[in-house]
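Note sheet for the following structure.
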Amino acid sequence: MSTEPASRNAARAPPAVAVSGLTRRFGDLVAVDGLDLEIPGASIYGFLGPNGSGKSTAIRMLCGLLRPDAGRIRVLGLEIPRRAEALRRRVGYMTQRFSLYEDLSVRENLAFLGRIHGYHGRTLRARIGERLDRYGLGGRADQAAGTLSGGERQRLALAGATFHDPELLFLDEPTSAVDPESRREFWEHLFDLVADGATILVSSHFMDEAERCHRLAILDEGRLVAEGEPERLMAEIPARVVEILAPAPRRVREAVLALDAVLHVAQLGTRLHALLDPAVPEPAALLARTLRERGLEGETRAVPANLEDVFVMATVGPRLAT
Amino acid sequence: MSAGAVAGRILAVAGKELLHLRRDRLTAGMILGIPVVLTVLFGYAINQDVRGLPAWVADQAGTSASRALVQALEATGVVTVTGTAADPAALEDGLARGRIVVGVYVPPDLETRLARGDRPLAQLLVDGSDPVVLSAVRGLVQQGRSVFLFGLRREDGFRPERMTARAGFALRALYNPERRSPVFIVPGLVGVILTLTMVLFTAVAIVRERERGSFELLVSTPVRSLELMVGKILPYVFIGYVQASVILALGVFLFDLPVRGSLADFYLAAGAFVVSILSLGLLISALARTQFQAFQLTFMSFLPQLLLSGFMFPFDGMPEPVQWLAELFPLTHFLRIVRGVVLRDAELAALSADLWPLGLFFLLFMSLATTRFRKRLD
């Protein structure tokens, strides 16, 4: 990860986004429930959460595309949704679904967006050329957008969303439809944008992606359940993590889950990832003893928490506790 | 492959189709709405018997005989006297401007004509561009001797025994004396074809953005609602002009359509009409949730215009409430203008009564569409 920890520098500057008590209902469903957050400038801020956790709804409210039922939103110092029109010149938005025109060529799509943003003539052409080079679409310039590969589409969408050099970029699950290689490449572009001073809000349900963010908000059922820098979230997880290597993982899992101290067990092939109550002094030993008593084979060792553990504790943990 | 499995799959598809219909409230409503509304409306409105043709009377005799004659004419129900005129020239002017369809001219020497019985008693001037109207008035003239003349009494100076076959009404048909249908149909076709194509083009304009997913991107850009609306219709104004020109040219070259009025007037009126129906299409697009709904709404707006505007059936043959309804259609007004300009050499200024409603429709539909279109997703 190449950029400076911009979030620390920006602590004194006003936040790019400040939200308090943000709530939105769709009928009986509370899609976003009393969200409070501050997003520092010149950094990548992640919304991590399962489908239906309210990530898209929150982003749409921040863009002024949906009106909140309650709460206050300030984006780049503008009160939203009242000043949504003024905001539109200063932000870029990449929708979850590919939203450029599939029957227009790459160049024509960029030219359309450029003109909407007030570019024309030589400036417009120069900027299109620059964007095509930057996002590796030069060879595809006259190809219909609908015939591009998944990764190329995402780069085109990013080129479109950033065409007017927005100060703030909203990306709604930008890489959910592309392969890991394209995803890595896409993130390199995001880091370049942040290095140029942009603030990025990106939603995802990929852990590896979340780990690249400077700060992270974990959403679950519309509520903010954890927030902070990924490293701190992993370090301060309210659980001990034990990895078990077992030839019969399903039976081991059953046995381990029977213990009160075990909060959650996830399986990764022949490995099991167990989350235990932090009050347990020697978690690996406890599990090893349990397996011996049940006559089950398995090696146990304490490991540092990863982001998935944080996510599980934040989303599943509270439900297990009740 | 068993018959049961075939039937099962067919029923699975059929059941799914019914579910789609149930979810789409507009379509479900149209299943009953279309037959009920259209049958009632058209069964009631469409009438091949032409009645109540607006007429002015230029009565230069001014005697009790002339009044009895006009009364007898009106009693047939075919014409309705809506005003008077000083002379035949004023009647012709009223016809050209589309204010009347029939002019009744009673000459000053009616008394003499009655006494001698060897010349027509009065003259009917008819806008003969619509063959249906013309034959209705022709029927009047043929009935004339038996019906109207009985309106006259001996005290009026009427001597039935002296009447020859030439006494009665003289008919003067203007504008389409050969009674050729294309001459009447083609100018109207400009309006009908434009109504169908223009509305369809713009009816899908916004809803297609919604279905493609580009809507969300579009509303997140600085483009304003009105800018979007105007930009959406602008290319089609040009296409509308191309279509109008093609239809008119085909009329001239294939059907010998006489273009009597000025082309500048024709294009000015076509422009006003095109923007009014394009904005109707935009309104449909702002109301519909899917392209399918937009198609249905286009169809629902097109059919009444086709049948009630005066294109297929004479406007004056419809009951009054239906005429009021038809005044709300852009096509009704454009038909009057285009027939006036092309067939009767009417000045556009003289047809302003039908021009300003087109402007009004444009403003109304456009502002409704723009208001209805929100740059939001909720």
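In the structure tokens, chains take the letters A, B, ... in the order shown, each chain's residues start at 1, and ligands count up from 1 in the order shown.
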
Exercise. Could you find all residues in range 42-83 of chain B that DSSP calls alpha helix (DSSP H) from the backbone, and write them as a PyMOL selection string?
Key: chain B and resi 42-45+64-75

Self-check item: Test item: residues at most 7 Å from range 277-289 of chain B, only C-alpha atoms, excluding those fewer than 3 positions along its chain, as a list in words
Solution: Thr195, Met198, Val199, Leu200, Thr202, Ala203, Val204, Ala205, Ile206, Val207, Ile233, Phe273, Val274, Gln293, Ala294, Leu297, Pro330, Phe362, Phe365, Met366, Leu368, Ala369, Arg372 and Phe373 of chain B

Exercise. Find the residues in chain A near chain B: any atom within 7 Å counts, using only C-alpha atoms. Write them as an NGL selection string.
Key: :A and (65-66 or 85 or 88-89 or 93 or 95 or 97 or 99-101 or 116-117)

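Minimum distance to Ile193 in chain B across B:Asn176, B:Thr39, B:Ser245, B:Thr164 (counting only C-alpha atoms) occurs at B:Ser245.
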
Exercise. Considering only C-alpha atoms, state which residue in the set A:Val19, A:Pro14, A:Ser182, A:Tyr135 is at the smallest distance from Gly77 in chain A.
Key: A:Pro14

Practice problem: Find the spatial neighbours of Ile244 in chain A, counting only C-alpha atoms, within a cut-off of 6 Å - ignore same-chain residues fewer than 6 positions away - and output them as a list in words. | Solution: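 So the residues in contact are Arg271, Leu272, Glu299 and Thr300 of chain A.
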
Self-check item: Separation of CA of Ser262 in chain B from CA of Val137 in chain B, in Å and rounded to one decimal
Solution: 28.9 Å

Exercise. Considering only C-alpha atoms, state which residue in the set A:Asp36, A:Glu211, A:Asp69, A:Asp28 is at the smallest distance from Arg223 in chain A.
Key: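 That would be A:Asp36, the residue with the smallest distance to Arg223 in chain A.
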
Quiz item: Excluding same-chain residues fewer than 6 positions from range 31-33 of chain B, what lies within 12 Å of it counting only C-alpha atoms, as a PyMOL selection string?
Solution: chain B and resi 21-22+24-25+39-41+296-297+300

Let me see the file: selected residues, C-alpha atoms, as a compact mmCIF listing (two decimals), in the first residue's frame.
# COMPACT_ATOMS: atom_id res chain seq x y z
CA LEU B 21 -49.39 -9.26 -15.07
CA ARG B 22 -50.51 -9.19 -11.45
CA ASP B 24 -47.80 -4.68 -13.11
CA ARG B 25 -50.82 -2.74 -11.95
CA THR B 39 -65.94 0.65 -26.71
CA VAL B 40 -68.05 3.13 -24.76
CA LEU B 41 -66.24 6.14 -26.10
CA GLN B 296 -49.18 0.91 -23.64
CA LEU B 297 -49.64 4.53 -22.65
CA MET B 300 -53.79 4.56 -25.23
